[in-house]
Each structure stands twice: as C-alpha cells, then as structure tokens.
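> Got a file for you: run28.cif, mmCIF, C-alpha atoms.
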data_target
loop_
_atom_site.label_atom_id
_atom_site.label_comp_id
_atom_site.auth_asym_id
_atom_site.auth_seq_id
_atom_site.Cartn_x
_atom_site.Cartn_y
_atom_site.Cartn_z
CA MET K 162 -15.83 -9.65 11.41
CA LYS K 163 -19.09 -10.50 9.69
CA GLN K 164 -19.51 -6.97 8.47
CA GLU K 165 -16.02 -6.92 6.96
CA ASN K 166 -16.64 -10.13 5.09
CA LYS K 167 -19.77 -8.63 3.63
CA LYS K 168 -17.89 -5.53 2.51
CA GLN K 169 -15.31 -7.70 0.76
CA LYS K 170 -18.04 -9.55 -1.12
CA ILE K 171 -19.68 -6.35 -2.28
CA ARG K 172 -16.42 -4.84 -3.52
CA ILE K 173 -15.58 -7.62 -5.97
CA PRO K 174 -18.45 -7.16 -8.42
CA LEU K 175 -17.92 -3.40 -8.14
CA ASP K 176 -14.36 -3.94 -9.39
CA VAL K 177 -15.62 -5.97 -12.30
CA ILE K 178 -18.28 -3.40 -13.14
CA SER K 179 -15.80 -0.54 -13.18
CA LEU K 180 -13.40 -2.59 -15.30
CA LEU K 181 -16.16 -3.30 -17.83
CA ALA K 182 -17.23 0.35 -17.86
CA LEU K 183 -13.64 1.40 -18.43
CA LEU K 184 -13.25 -1.14 -21.26
CA VAL K 185 -16.39 0.15 -22.96
CA LEU K 186 -15.10 3.71 -22.63
CA THR K 187 -11.73 2.65 -24.02
CA PHE K 188 -13.23 0.94 -27.06
CA ALA K 189 -15.44 3.96 -27.71
CA LEU K 190 -12.49 6.36 -27.44
CA LEU K 191 -10.22 4.19 -29.57
CA SER K 192 -12.77 3.83 -32.36
CA ALA K 193 -13.33 7.60 -32.30
CA TYR K 194 -9.58 8.31 -32.35
CA PRO K 195 -7.95 5.43 -34.29
CA GLU K 196 -4.56 7.20 -34.28
CA LYS K 197 -4.40 6.73 -30.49
CA ARG K 198 -4.80 2.96 -30.77
CA ASP K 199 -1.08 2.17 -30.98
CA PRO K 200 0.19 4.36 -28.12
CA VAL K 201 -2.60 3.21 -25.78
CA THR K 202 -2.10 -0.49 -26.46
CA ALA K 203 1.70 -0.12 -26.22
CA VAL K 204 1.42 1.47 -22.77
CA PHE K 205 -1.16 -1.11 -21.70
CA ALA K 206 1.02 -4.02 -22.86
CA SER K 207 4.20 -2.80 -21.20
CA TYR K 208 2.57 -2.10 -17.82
CA LEU K 209 0.66 -5.39 -17.96
CA LEU K 210 3.86 -7.32 -18.70
CA GLU K 211 5.71 -5.69 -15.80
CA MET K 212 2.84 -6.42 -13.45
CA MET K 213 2.46 -10.05 -14.53
CA LEU K 214 6.20 -10.69 -14.11
CA ILE K 215 6.01 -9.95 -10.40
CA LEU K 216 2.42 -10.26 -9.22
CA PRO K 217 2.20 -14.07 -8.89
CA ALA K 218 5.42 -14.10 -6.84
CA VAL K 219 4.20 -11.25 -4.62
CA MET K 220 0.93 -13.10 -4.02
CA VAL K 221 2.78 -16.32 -3.13
CA ILE K 222 4.94 -14.45 -0.58
CA MET K 223 1.87 -12.83 0.96
CA GLY K 224 -0.01 -16.12 1.05
CA LEU K 225 2.87 -17.92 2.76
CA PHE K 226 3.25 -15.28 5.43
CA SER K 227 -0.44 -15.02 6.18
CA VAL K 228 -0.62 -18.78 6.75
CA PHE K 229 2.65 -19.24 8.65
CA VAL K 230 2.61 -16.11 10.82
CA SER K 231 -0.53 -16.05 12.93
CA ASP K 232 -2.22 -12.91 14.22
CA LYS K 233 -1.79 -14.24 17.73
CA ALA K 234 2.00 -14.44 17.38
CA VAL K 235 2.11 -10.83 16.23
CA VAL K 236 -0.02 -9.62 19.13
CA LYS K 237 2.02 -11.67 21.62
CA HIS K 238 5.40 -10.33 20.49
CA LEU K 239 4.38 -6.73 20.09
CA GLY K 240 2.49 -6.36 23.35
CA HIS K 241 5.57 -6.85 25.49
CA SER K 242 8.48 -5.06 23.83
CA SER K 243 9.41 -1.50 24.62
CA GLY K 244 12.03 1.14 23.82
CA MET K 245 14.08 0.79 20.64
CA ARG K 246 13.38 -2.92 20.63
CA GLY K 247 9.66 -2.19 20.68
CA PHE K 248 10.07 0.23 17.79
CA PHE K 249 11.87 -2.29 15.61
CA THR K 250 9.56 -5.14 16.59
CA ALA K 251 6.58 -2.99 15.64
CA LEU K 252 8.26 -2.04 12.37
CA PHE K 253 9.08 -5.67 11.62
CA PHE K 254 5.65 -7.09 12.36
CA GLY K 255 3.96 -4.22 10.56
CA SER K 256 5.96 -4.85 7.40
CA LEU K 257 5.21 -8.58 7.31
CA PRO K 258 3.11 -9.26 4.26
CA THR K 259 -0.24 -10.08 5.78
CA GLY K 260 -3.43 -8.51 4.54
CA PRO K 261 -5.00 -5.06 4.12
CA LEU K 262 -5.02 -2.26 6.70
CA TYR K 263 -8.52 -2.91 7.99
CA VAL K 264 -7.27 -6.23 9.35
CA ALA K 265 -4.62 -4.38 11.35
CA PHE K 266 -7.04 -2.08 13.22
CA PRO K 267 -8.64 -4.82 15.34
CA MET K 268 -5.17 -6.27 16.04
CA ALA K 269 -3.84 -2.87 17.05
CA SER K 270 -6.78 -2.23 19.33
CA ALA K 271 -6.34 -5.67 20.93
CA MET K 272 -2.68 -4.87 21.61
CA LEU K 273 -3.55 -1.48 23.08
CA SER K 274 -5.98 -3.07 25.50
CA LYS K 275 -3.22 -5.54 26.48
CA GLY K 276 -1.01 -2.63 27.47
CA ALA K 277 1.17 -2.09 24.40
CA ARG K 278 2.76 1.35 24.05
CA ILE K 279 0.85 3.80 21.88
CA SER K 280 3.98 4.76 19.95
CA ASN K 281 4.57 1.11 19.03
CA ILE K 282 1.00 0.73 17.84
CA VAL K 283 1.29 3.85 15.66
CA VAL K 284 4.52 2.50 14.14
CA PHE K 285 2.89 -0.88 13.64
CA LEU K 286 -0.12 0.60 11.81
CA SER K 287 2.01 2.90 9.65
CA ALA K 288 4.43 0.15 8.70
CA TRP K 289 1.45 -2.05 7.90
CA ALA K 290 0.05 0.70 5.68
CA CYS K 291 3.06 1.80 3.69
CA ILE K 292 6.19 -0.30 4.08
CA LYS K 293 4.93 -3.83 3.67
CA MET K 294 7.59 -6.07 2.22
CA PRO K 295 5.90 -7.27 -0.98
CA GLN K 296 4.78 -3.70 -1.67
CA GLU K 297 8.39 -2.56 -1.46
CA LEU K 298 9.28 -5.17 -4.08
CA VAL K 299 6.64 -3.77 -6.42
CA GLU K 300 7.90 -0.25 -5.69
CA LEU K 301 11.42 -1.40 -6.57
CA GLN K 302 10.16 -2.79 -9.86
CA PHE K 303 8.24 0.29 -10.94
CA LEU K 304 10.04 3.23 -9.34
CA GLY K 305 13.62 2.05 -8.95
CA LEU K 306 16.05 1.48 -6.10
CA GLU K 307 16.85 5.11 -5.23
CA PHE K 308 13.20 6.10 -4.92
CA MET K 309 12.35 3.04 -2.87
CA VAL K 310 15.27 3.33 -0.44
CA ALA K 311 14.83 7.09 0.05
CA ARG K 312 11.12 6.75 0.75
CA LEU K 313 11.69 3.77 3.03
CA ILE K 314 14.29 5.50 5.21
CA LEU K 315 12.39 8.80 5.40
CA THR K 316 9.16 6.98 6.21
CA ILE K 317 10.76 5.01 9.05
CA ILE K 318 12.21 8.20 10.58
CA PHE K 319 8.99 10.19 10.33
CA VAL K 320 6.78 7.32 11.48
CA GLY K 321 8.94 6.99 14.59
CA LEU K 322 8.52 10.70 15.29
CA MET K 323 4.78 10.45 14.72
CA GLY K 324 4.58 7.58 17.20
CA ILE K 325 6.29 9.69 19.88
CA ILE K 326 4.08 12.72 19.17
CA ILE K 327 0.82 10.76 19.27
CA GLU K 328 1.85 8.95 22.44
CA TRP K 329 2.70 12.28 24.08
CA VAL K 330 -0.65 13.82 23.11
CA MET K 331 -2.66 10.78 24.20
CA ASP K 332 -0.83 10.43 27.52
CA ARG K 333 -1.34 14.11 28.30
CA ALA K 334 -5.05 13.69 27.60
CA THR K 335 -5.39 10.74 29.98
CA GLU K 336 -3.39 12.54 32.68
CA LYS K 337 -5.77 15.48 32.46
CA VAL K 338 -8.78 13.19 32.77
CA SER K 339 -7.40 11.23 35.71
CA GLY K 340 -5.88 14.26 37.44
CA MET Z 239 13.50 -3.94 -14.49
CA ILE Z 240 13.94 -7.57 -15.50
CA ASP Z 241 16.55 -7.99 -12.72
CA THR Z 242 14.03 -6.85 -10.13
CA SER Z 243 11.40 -9.30 -11.25
CA LEU Z 244 13.99 -12.10 -11.32
CA PHE Z 245 14.92 -11.26 -7.74
CA ILE Z 246 11.30 -11.19 -6.58
CA ASN Z 247 10.50 -14.50 -8.25
CA ALA Z 248 13.64 -16.14 -6.88
CA PHE Z 249 12.78 -14.90 -3.40
CA ALA Z 250 9.23 -16.26 -3.67
CA LEU Z 251 10.58 -19.60 -4.89
CA ILE Z 252 13.03 -19.89 -1.99
CA CYS Z 253 10.27 -19.08 0.53
CA LEU Z 254 8.05 -21.62 -1.16
CA ILE Z 255 10.63 -24.42 -1.09
CA TYR Z 256 11.48 -23.70 2.54
CA ALA Z 257 7.81 -23.64 3.51
CA TYR Z 258 7.11 -26.85 1.61
CA HIS Z 259 9.84 -28.67 3.51
CA HIS Z 260 8.55 -27.25 6.75
CA ASP Z 261 4.83 -27.96 6.42
CA ARG Z 262 3.20 -29.26 3.24
CA GLU Z 263 -0.41 -28.79 4.27
CA ARG Z 264 -0.02 -25.17 5.25
CA THR Z 265 2.00 -24.44 2.12
CA LYS Z 266 -0.88 -25.74 0.04
CA GLU Z 267 -3.25 -23.56 2.03
CA ALA Z 268 -0.95 -20.57 1.39
CA LEU Z 269 -0.88 -21.26 -2.37
CA ILE Z 270 -4.67 -21.46 -2.50
CA LYS Z 271 -4.81 -18.15 -0.63
CA ALA Z 272 -2.32 -16.65 -3.08
CA ALA Z 273 -4.36 -17.84 -6.07
CA ASN Z 274 -7.53 -16.42 -4.52
CA SER Z 275 -6.07 -13.00 -3.84
CA PHE Z 276 -4.53 -12.99 -7.32
CA ILE Z 277 -7.96 -13.56 -8.87
CA HIS Z 278 -9.57 -11.00 -6.58
CA ILE Z 279 -7.08 -8.27 -7.37
CA MET Z 280 -7.03 -8.86 -11.16
CA PRO Z 281 -10.08 -6.74 -12.12
CA THR Z 282 -8.68 -3.75 -10.23
CA ILE Z 283 -5.24 -4.20 -11.73
CA LEU Z 284 -6.58 -4.49 -15.27
CA ALA Z 285 -8.78 -1.44 -14.72
CA ILE Z 286 -5.84 0.62 -13.45
CA ILE Z 287 -3.61 -0.48 -16.34
CA VAL Z 288 -6.29 0.36 -18.91
CA PHE Z 289 -6.67 3.71 -17.14
CA ILE Z 290 -2.90 4.30 -17.34
CA GLY Z 291 -3.03 3.47 -21.06
CA LEU Z 292 -5.76 6.05 -21.62
CA LEU Z 293 -4.01 8.61 -19.41
CA LEU Z 294 -0.68 8.38 -21.21
CA GLY Z 295 -2.20 7.86 -24.65
CA PHE Z 296 -4.74 10.68 -24.63
CA ILE Z 297 -3.61 13.42 -22.28
CA PRO Z 298 -0.52 15.18 -23.60
CA PRO Z 299 2.42 15.02 -21.13
CA ALA Z 300 2.63 18.80 -21.29
CA ARG Z 301 -0.87 19.05 -19.82
CA ILE Z 302 -0.08 16.58 -17.02
CA SER Z 303 3.20 18.24 -16.11
CA MET Z 304 1.43 21.60 -16.05
CA LEU Z 305 -0.92 20.20 -13.39
CA ILE Z 306 1.53 18.17 -11.32
CA GLY Z 307 5.00 18.86 -12.78
CA GLU Z 308 7.71 21.45 -12.06
CA GLN Z 309 5.52 24.45 -12.88
CA SER Z 310 2.68 23.45 -10.55
CA GLY Z 311 4.83 23.97 -7.43
CA ILE Z 312 3.38 23.34 -3.98
CA ASN Z 313 -0.22 23.52 -5.26
CA GLY Z 314 0.31 20.43 -7.38
CA VAL Z 315 1.73 18.60 -4.38
CA LEU Z 316 -1.22 19.57 -2.17
CA ILE Z 317 -3.80 18.59 -4.79
CA VAL Z 318 -2.20 15.18 -5.24
CA ALA Z 319 -1.93 14.75 -1.44
CA VAL Z 320 -5.68 15.32 -1.07
CA ILE Z 321 -6.48 12.99 -3.97
CA GLY Z 322 -4.23 10.33 -2.43
CA SER Z 323 -5.99 10.64 0.92
CA PHE Z 324 -9.42 10.01 -0.55
CA LEU Z 325 -8.59 7.35 -3.15
CA HIS Z 326 -8.97 3.83 -1.84
CA ILE Z 327 -6.95 1.49 -4.02
CA PRO Z 328 -4.61 -1.32 -2.97
CA ALA Z 329 -1.05 -0.10 -2.37
CA LEU Z 330 0.32 -2.70 -4.79
CA ILE Z 331 -1.47 -0.91 -7.62
CA SER Z 332 -0.41 2.55 -6.52
CA PHE Z 333 3.15 1.89 -7.71
CA PRO Z 334 2.47 1.34 -11.42
CA LEU Z 335 0.01 4.23 -11.30
CA THR Z 336 2.67 6.46 -9.79
CA ALA Z 337 5.23 5.27 -12.33
CA SER Z 338 2.83 6.33 -15.07
CA LEU Z 339 2.54 9.81 -13.53
CA LEU Z 340 6.35 10.06 -13.52
CA ASP Z 341 6.42 8.93 -17.17
CA ALA Z 342 3.97 11.70 -17.93
CA GLY Z 343 6.16 14.36 -16.36
CA ALA Z 344 5.17 14.52 -12.70
CA THR Z 345 7.91 15.44 -10.20
CA VAL Z 346 9.44 12.99 -7.71
CA THR Z 347 7.80 15.04 -4.94
CA VAL Z 348 4.36 14.53 -6.42
CA ALA Z 349 5.01 10.81 -6.92
CA ALA Z 350 6.16 10.38 -3.31
CA VAL Z 351 3.29 12.34 -1.81
CA PHE Z 352 0.82 10.32 -3.86
CA ILE Z 353 2.14 6.98 -2.62
CA THR Z 354 2.46 8.03 1.00
CA THR Z 355 -0.98 9.62 1.34
CA LEU Z 356 -2.55 6.80 -0.64
CA THR Z 357 -1.20 4.18 1.75
CA MET Z 358 -1.09 5.98 5.11
CA VAL Z 359 -4.08 8.31 5.04
CA GLY Z 360 -7.40 6.55 4.58
CA MET Z 361 -10.49 8.73 4.46
CA VAL Z 362 -12.55 5.73 3.34
CA THR Z 363 -11.38 3.51 6.19
CA LEU Z 364 -11.51 6.35 8.76
CA PRO Z 365 -14.91 5.36 10.23
CA LEU Z 366 -13.60 1.83 10.82
CA GLU Z 367 -10.37 3.17 12.32
CA ILE Z 368 -12.34 5.46 14.67
CA ARG Z 369 -14.47 2.54 15.79
CA GLU Z 370 -11.44 0.35 16.53
CA MET Z 371 -8.85 2.85 17.76
CA GLY Z 372 -10.94 5.70 19.13
CA ARG Z 373 -11.74 9.06 17.55
CA LYS Z 374 -8.76 10.97 18.89
CA MET Z 375 -6.07 8.49 17.93
CA ALA Z 376 -7.55 7.87 14.47
CA LEU Z 377 -7.79 11.58 13.68
CA LEU Z 378 -4.28 12.23 15.03
CA ARG Z 379 -2.78 9.39 13.02
CA ASN Z 380 -4.41 10.43 9.76
CA GLY Z 381 -3.74 14.14 10.28
CA ILE Z 382 -0.07 13.72 11.16
CA SER Z 383 0.36 11.14 8.39
CA PHE Z 384 -0.92 13.71 5.90
CA CYS Z 385 1.66 16.24 7.13
CA ILE Z 386 4.58 13.82 7.16
CA ALA Z 387 3.62 12.59 3.69
CA ILE Z 388 4.20 16.13 2.44
CA MET Z 389 7.47 16.46 4.36
CA ILE Z 390 8.78 13.12 3.10
CA ALA Z 391 7.85 14.09 -0.45
CA LEU Z 392 9.51 17.50 -0.24
CA ILE Z 393 12.74 15.99 1.10
CA MET Z 394 12.68 13.34 -1.64
CA GLY Z 395 12.22 16.06 -4.22
CA VAL Z 396 15.39 17.72 -2.93
CA ILE Z 397 17.62 14.65 -2.64
CA LEU Z 398 16.58 12.73 -5.78
#
Just give me the structure of the file as structure tokens.


Amino acid sequence: MKQENKKQKIRIPLDVISLLALLVLTFALLSAYPEKRDPVTAVFASYLLEMMLILPAVMVIMGLFSVFVSDKAVVKHLGHSSGMRGFFTALFFGSLPTGPLYVAFPMASAMLSKGARISNIVVFLSAWACIKMPQELVELQFLGLEFMVARLILTIIFVGLMGIIIEWVMDRATEKVSG
Amino acid sequence: MIDTSLFINAFALICLIYAYHHDRERTKEALIKAANSFIHIMPTILAIIVFIGLLLGFIPPARISMLIGEQSGINGVLIVAVIGSFLHIPALISFPLTASLLDAGATVTVAAVFITTLTMVGMVTLPLEIREMGRKMALLRNGISFCIAIMIALIMGVIL
C-alpha cells in the first residue's frame, strides 16, 4: 500500500511537467505557423467544453460509489457466488465506479485466496478495466450510442469466454502439479 | 452530445440527493474525494486536449487515415493495438482521444482496438499484476485480452 501511495505522489508532478512542456511546444509551433492558430484553438475549445460538461458529474458519481461501496462488501459478495450468478455479480462489481485498476489487483488476489472462481476473478478484473460505469458515460458522450453499446456487448461476451479459458488453463496446471 | 451530458449530470444529481438523504457525512467525504480526483486528473486531461488540438490542427487527415484509416488495413489495427497496450493513460481520457482519431479519419476498428487494449492490456502495470495475481495468470490475462481486443474491433468494424 505504501509503495502505491508513493507512486501516486510521483505521478502528479510528472503530469504537470508534461503539460507545461506540451504548452511550450504548442506556443512555439503556433508562433511559427500563425495560420494554424485558429484550427488548433477551435479543436481545443470544443473538446475542452465537452469534457467539462461531463467530468464534474463523472467525478461525483465515482466519489459517491467509492465512499458508499466498501472494498470489503465487494470481496464478500464476489467470493461466494458461482455459475451465471457469479458471472453477473463479477461483472456488476467490476463495473462499479471505484478507482483505478491497480486497486483491483489486491482485491482480486484476496478473493482468489478466499476460494473465488478464477473465471469470476478474470471477469471482475476485465470489467473493472474496461466497462466501468462512468467510463461508459464518457464513451457515450464522445463516441455515440451505437459504438458504446456494440463495444459493451462484445466485450461482455469475450470477457466471459476469456474467464472460462483462463480458468481451464489454470485448473489443468494445478491438476498436473498435484497429480 | 448535449443530451448525453444532460443525462450524466442528472444522474449524478439524483445519486447525490439520494446519498445526502442517506448519510450526510459520507456524502461530504465523497464530494471531497470527487474534487480531489478532479484536480488530480486535470493536468492529464488538459495535456491530452492540447495534444488533440495539435494532432488535428497540424497533421493533415489524409496522413492520419493513411496510417490508421481504410488503406492501412490490418497493419494499422496491429500498430494501434500495440500502442494501446503500452500507453498508460486513464480510460476516461482515452475516449476523447479516440474520438479525435475518428475525426481525423481512423476506422471504427482502429478506434475500438485502441480503447480496448488501452484499458484491458497494461504493460506498465504488468509487474504489479504479476506480483498480485501470479505470473501465469497475469500473462494469460494480458495476452488473451490483446487477442480479444483485436477480435472485438474487427467485429465492430463489420457491424458499424
């Protein structure tokens, strides 16, 4: 945990440094090519506006969930379900808006050691990575309904398959070792 | 576009009102958390948006679509898949970035493979994943995720 906190602290100034470097580069480029000034600022303004219309709301949703849904509750519910119910529970808890992927790894490993099915853990991690609820809202905003729904459905199908495949491979490996 | 943001904001407001009725203290805590993560993510967001501005303003769409558009075929998809696996940026920001690629002439397939590899395959977080989940499971998950990202993208290219 300590190490992760440290990492987080180091990343923030790095962000700021790269932003400043990019701004310097932008100003240099725009003064060298004044005719590009209008298109660049127009693109910047329109993307910034779209982002600012949704970002505060997305952050509020994420903040609420991270406070009201505890890690312990997630681990408790996911450790015990199996079959289709396990799949959907894993999908549901994975898509709750709570934090970056590196937070999910320790949770997943805790659940594994408590006897959760490997396929559920794979689904949980994948859902956590790419179908988190607030992310889907941002995807809807920028890429449209069709794109979002198609990617969501395909991802759920393939993630389920991946869970089964990984579980099969891992179980075979442990059988070999024990047998 | 405006409809979507209205929906998101309304949803956030409903959650907020419900939470406030339920537990004031924790709602305050949640709002402070939200403000903190908003501030923390701002530099990255501004950097990406400035980058998008430069990308669309300076590189002619014809050049971009030659690299990752119709003509590039499967090579374009593979290149973007590899880039997506190595880049480590928050998923929230990957969507405007992807939208800008689409604006510049990238195919739906390329856009989908970029998002999926970016979020599901993490070369930067792989050491951490190996430590927590074990080498075999981490490598399997990332490897298979890379393959399904390409499959998902190809199917999306066909149906959209």

> Pull out every residue of chain K that has at least one atom within 8 Å of chain Z, counting only C-alpha atoms, and report them as a PyMOL selection string.

chain K and resi 173+176-177+179-180+183-184+187+197+200-205+208-209+214-229+263+266-267+269-270+283+287+290-291+296+298-304+307-308+311-312+315-316+319+323+327+331

> What is the atom CA of K:Ile282-atom CA of Z:His326 distance in Å, reported with one decimal?

22.3 Å

> Output the residue selection produced by the PyMOL selection byres ((chain K and resi 258) around 7) on the file above, formatted as a PyMOL selection string.

chain K and resi 223+226+256-257+259-260+293-295

> If I take atom CA of Z:Ser303 and atom CA of K:Arg198, how far is one from the other in Å, to one decimal?

22.6 Å

> Given the file shown, determine the residues that the PyMOL selection byres ((chain Z and resi 343) around 9) selects; report them as an NGL selection string.

:Z and (299-300 or 302-304 or 306-308 or 338-342 or 344-345)
